[in-house]
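First up is the structure itself, then whatever we jot down about it.
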Amino acid sequence: MLSSISAYYKQRKDEVTARGEELHKQIEETVKKLHHELDDMQKEHEAVLQKQKKEFEKMIGKVNEMNGKTVKLKKSKNVKEMQTFVSVIQNQKNLNEFSQYSFPSFYECKINPNYLQTYFGYVEKMQEKKTSLLENEFKERELPGRRILEVPTVTSVIDTGFPANEKYKTRLYDMAVTYDNKVWMGGASRELKLFDLQGHLHHTISITDHGMYLSMYNKNLVYSDQKKKP
């Protein structure tokens with residue numbers, strides 16, 4: 001144990017480093033994404049301003065043209081042509097408004113160090129657990145080669161499809177596990193069902209009454225039904 005402690009802690013450090021590199025990668029991806037968004041915004045901004053510039057230049061050109069024509073008509077003193085040109089000026093559309101475009105802003109989100117570590121991960125501190133040597137010796141002698149689970153876990157959930165008993169509302173009465181990790185089940189039904197641990201139904205046997213007690217004997221299923229009622 002003592003000889004391998006350095007290697008163990010180095011492995012934990014490598015895990016922390018790998019987690020940090022993963023977060024750095026995510027940050028780099030976020031930076032690239034925001035850069036791409038800004039590039040797209042810049043292109044869009046330049047396009048609308050270029051369009052607006054052309055519209056203004058066209059409008060200024062028309063105004064300059066009309067000013068030049070006005071000066072010529074004034075010098076020529078042609079009253080009839082001046083009256084005609086006045087109506088043209090009056091029919092010109094006035095610029096009542098124009099669009100202004102602001103630059104994008106970057107809003108920096110403050111990072112709470114506590115929340116950062118929540119997303120990053122944490123190191124569970126060393127814990128002390130006292131183990132009785134006599135208890136270990138008993139367990140090894142009682143169940144050689146078998147590990148005793150301290151906390152039971154659910155490895156499979158099987159829907160038997162048995163109906164509920166009308167009186168007691170019970171469905172499953174008993175089960176028996178086969179040598180090849182399948183399970184026979186009996187319940188509030190005149191059937192015995194064989195499932196695998198993934199919940200797939202493999203076989204069904206019809207019986208004369210509810211299967212109350214099940215067991216395996218020499219790879220065969222043995223069951224006892226309810227006592228016959230008069």
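Scheme for the structure tokens: letters A, B, ... for chains in order shown; per-chain residue numbers from 1; ligand numbers from 1 in order shown.
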
* **Which of region 5-219 of chain A fall in strand (DSSP E or B), as a PyMOL selection string** => chain A and resi 172-177+182-187+191-196+201-206+211-217

Keeping only N, CA and C atoms, write those residues as a PDB file, in the first residue's frame.
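Result went into again-v8.pdb, see below:
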```
ATOM      1  N   LEU A 172     -46.908 -10.490  -7.612  1.00  0.00           N
ATOM      2  CA  LEU A 172     -45.835 -11.479  -7.662  1.00  0.00           C
ATOM      3  C   LEU A 172     -45.798 -12.258  -6.353  1.00  0.00           C
ATOM      4  N   TYR A 173     -45.793 -13.609  -6.461  1.00  0.00           N
ATOM      5  CA  TYR A 173     -45.778 -14.445  -5.268  1.00  0.00           C
ATOM      6  C   TYR A 173     -44.388 -15.009  -4.977  1.00  0.00           C
ATOM      7  N   ASP A 174     -43.684 -15.470  -6.010  1.00  0.00           N
ATOM      8  CA  ASP A 174     -42.374 -16.066  -5.767  1.00  0.00           C
ATOM      9  C   ASP A 174     -41.588 -16.084  -7.073  1.00  0.00           C
ATOM     10  N   MET A 175     -40.273 -16.341  -6.936  1.00  0.00           N
ATOM     11  CA  MET A 175     -39.416 -16.425  -8.115  1.00  0.00           C
ATOM     12  C   MET A 175     -38.268 -17.376  -7.834  1.00  0.00           C
ATOM     13  N   ALA A 176     -37.669 -17.883  -8.908  1.00  0.00           N
ATOM     14  CA  ALA A 176     -36.530 -18.790  -8.784  1.00  0.00           C
ATOM     15  C   ALA A 176     -35.563 -18.505  -9.924  1.00  0.00           C
ATOM     16  N   VAL A 177     -34.282 -18.341  -9.588  1.00  0.00           N
ATOM     17  CA  VAL A 177     -33.261 -18.011 -10.577  1.00  0.00           C
ATOM     18  C   VAL A 177     -32.649 -19.291 -11.130  1.00  0.00           C
ATOM     19  N   LYS A 182     -31.534 -16.705 -15.705  1.00  0.00           N
ATOM     20  CA  LYS A 182     -32.916 -16.350 -16.024  1.00  0.00           C
ATOM     21  C   LYS A 182     -33.736 -16.545 -14.755  1.00  0.00           C
ATOM     22  N   VAL A 183     -34.962 -16.087 -14.770  1.00  0.00           N
ATOM     23  CA  VAL A 183     -35.755 -16.157 -13.551  1.00  0.00           C
ATOM     24  C   VAL A 183     -37.183 -16.574 -13.872  1.00  0.00           C
ATOM     25  N   TRP A 184     -37.631 -17.643 -13.163  1.00  0.00           N
ATOM     26  CA  TRP A 184     -39.026 -18.065 -13.234  1.00  0.00           C
ATOM     27  C   TRP A 184     -39.827 -17.246 -12.235  1.00  0.00           C
ATOM     28  N   MET A 185     -41.029 -16.844 -12.629  1.00  0.00           N
ATOM     29  CA  MET A 185     -41.862 -16.035 -11.743  1.00  0.00           C
ATOM     30  C   MET A 185     -43.277 -16.596 -11.712  1.00  0.00           C
ATOM     31  N   GLY A 186     -43.850 -16.586 -10.507  1.00  0.00           N
ATOM     32  CA  GLY A 186     -45.242 -16.977 -10.325  1.00  0.00           C
ATOM     33  C   GLY A 186     -45.986 -15.886  -9.596  1.00  0.00           C
ATOM     34  N   GLY A 187     -47.245 -15.688  -9.971  1.00  0.00           N
ATOM     35  CA  GLY A 187     -48.000 -14.611  -9.347  1.00  0.00           C
ATOM     36  C   GLY A 187     -49.485 -14.868  -9.387  1.00  0.00           C
ATOM     37  N   GLU A 191     -50.273 -18.925 -14.587  1.00  0.00           N
ATOM     38  CA  GLU A 191     -49.134 -19.045 -15.495  1.00  0.00           C
ATOM     39  C   GLU A 191     -47.837 -18.898 -14.709  1.00  0.00           C
ATOM     40  N   LEU A 192     -46.815 -19.595 -15.175  1.00  0.00           N
ATOM     41  CA  LEU A 192     -45.450 -19.373 -14.712  1.00  0.00           C
ATOM     42  C   LEU A 192     -44.667 -18.806 -15.889  1.00  0.00           C
ATOM     43  N   LYS A 193     -43.888 -17.753 -15.637  1.00  0.00           N
ATOM     44  CA  LYS A 193     -43.204 -17.057 -16.723  1.00  0.00           C
ATOM     45  C   LYS A 193     -41.695 -17.071 -16.493  1.00  0.00           C
ATOM     46  N   LEU A 194     -40.969 -17.253 -17.603  1.00  0.00           N
ATOM     47  CA  LEU A 194     -39.505 -17.254 -17.559  1.00  0.00           C
ATOM     48  C   LEU A 194     -38.989 -15.997 -18.256  1.00  0.00           C
ATOM     49  N   PHE A 195     -38.261 -15.162 -17.510  1.00  0.00           N
ATOM     50  CA  PHE A 195     -37.693 -13.924 -18.037  1.00  0.00           C
ATOM     51  C   PHE A 195     -36.173 -13.989 -17.963  1.00  0.00           C
ATOM     52  N   ASP A 196     -35.513 -13.212 -18.847  1.00  0.00           N
ATOM     53  CA  ASP A 196     -34.095 -12.957 -18.629  1.00  0.00           C
ATOM     54  C   ASP A 196     -33.968 -11.681 -17.800  1.00  0.00           C
ATOM     55  N   LEU A 201     -39.432 -11.837 -22.044  1.00  0.00           N
ATOM     56  CA  LEU A 201     -40.158 -13.070 -21.738  1.00  0.00           C
ATOM     57  C   LEU A 201     -39.692 -14.176 -22.680  1.00  0.00           C
ATOM     58  N   HIS A 202     -39.239 -15.316 -22.103  1.00  0.00           N
ATOM     59  CA  HIS A 202     -38.734 -16.424 -22.914  1.00  0.00           C
ATOM     60  C   HIS A 202     -39.709 -17.599 -22.983  1.00  0.00           C
ATOM     61  N   HIS A 203     -40.478 -17.805 -21.918  1.00  0.00           N
ATOM     62  CA  HIS A 203     -41.334 -18.993 -21.908  1.00  0.00           C
ATOM     63  C   HIS A 203     -42.483 -18.778 -20.928  1.00  0.00           C
ATOM     64  N   THR A 204     -43.626 -19.394 -21.224  1.00  0.00           N
ATOM     65  CA  THR A 204     -44.794 -19.326 -20.350  1.00  0.00           C
ATOM     66  C   THR A 204     -45.377 -20.723 -20.196  1.00  0.00           C
ATOM     67  N   ILE A 205     -45.684 -21.102 -18.961  1.00  0.00           N
ATOM     68  CA  ILE A 205     -46.288 -22.409 -18.674  1.00  0.00           C
ATOM     69  C   ILE A 205     -47.643 -22.183 -18.015  1.00  0.00           C
ATOM     70  N   SER A 206     -48.661 -22.853 -18.515  1.00  0.00           N
ATOM     71  CA  SER A 206     -49.990 -22.777 -17.904  1.00  0.00           C
ATOM     72  C   SER A 206     -50.091 -23.801 -16.778  1.00  0.00           C
ATOM     73  N   GLY A 211     -49.202 -19.985  -8.858  1.00  0.00           N
ATOM     74  CA  GLY A 211     -47.926 -20.529  -8.402  1.00  0.00           C
ATOM     75  C   GLY A 211     -47.426 -19.773  -7.189  1.00  0.00           C
ATOM     76  N   MET A 212     -47.508 -20.418  -6.016  1.00  0.00           N
ATOM     77  CA  MET A 212     -47.178 -19.719  -4.771  1.00  0.00           C
ATOM     78  C   MET A 212     -45.698 -19.817  -4.405  1.00  0.00           C
ATOM     79  N   TYR A 213     -45.108 -21.032  -4.542  1.00  0.00           N
ATOM     80  CA  TYR A 213     -43.726 -21.239  -4.109  1.00  0.00           C
ATOM     81  C   TYR A 213     -42.947 -21.891  -5.239  1.00  0.00           C
ATOM     82  N   LEU A 214     -41.793 -21.315  -5.579  1.00  0.00           N
ATOM     83  CA  LEU A 214     -40.979 -21.807  -6.682  1.00  0.00           C
ATOM     84  C   LEU A 214     -39.562 -22.077  -6.204  1.00  0.00           C
ATOM     85  N   SER A 215     -38.930 -23.089  -6.796  1.00  0.00           N
ATOM     86  CA  SER A 215     -37.520 -23.361  -6.525  1.00  0.00           C
ATOM     87  C   SER A 215     -36.951 -24.156  -7.694  1.00  0.00           C
ATOM     88  N   MET A 216     -35.613 -24.207  -7.768  1.00  0.00           N
ATOM     89  CA  MET A 216     -34.933 -24.960  -8.818  1.00  0.00           C
ATOM     90  C   MET A 216     -34.326 -26.224  -8.215  1.00  0.00           C
ATOM     91  N   TYR A 217     -34.465 -27.338  -8.943  1.00  0.00           N
ATOM     92  CA  TYR A 217     -33.882 -28.605  -8.508  1.00  0.00           C
ATOM     93  C   TYR A 217     -33.355 -29.333  -9.738  1.00  0.00           C
TER      94      TYR A 217
END
```

* To do: Quick one: everything within 10 Å of region 122-130 of chain A, counting only C-alpha atoms, minus sequence neighbours fewer than 6 positions away in the same chain. Send it as a PyMOL selection string.
  => chain A and resi 12-13+16

* Spatial neighbours of Phe85 (chain A), 12 Å, only C-alpha atoms, chain gap at least 6 places, as a list in words -> Met66, Asn67, Lys69, Thr70, Val71, Lys72, Leu73, Lys74, Asn78, Val79, Asn91 and Gln92 of chain A

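Closest approach to His35 (chain A) among A:Phe106, A:Ile89, A:Leu116, A:Thr131 is made by A:Phe106 (distances from only C-alpha atoms).
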
* Where in region 3-177 of chain A does DSSP assign alpha helix (DSSP H), given as a ChimeraX atom specification? -> /A:5-76,79-90,113-120,133-142

* Asked: Quick one: residues within 8 Å of region 37-48 of chain A, only C-alpha atoms counted, chain neighbours fewer than 4 positions away excluded, as a list in words?
  ->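 In the requested form, the answer reads Lys33, Gln52 and Tyr101 of chain A.
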
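Across the structure, CA of Ala188 (chain A) and CA of Arg171 (chain A) are spaced 5.2 Å apart.
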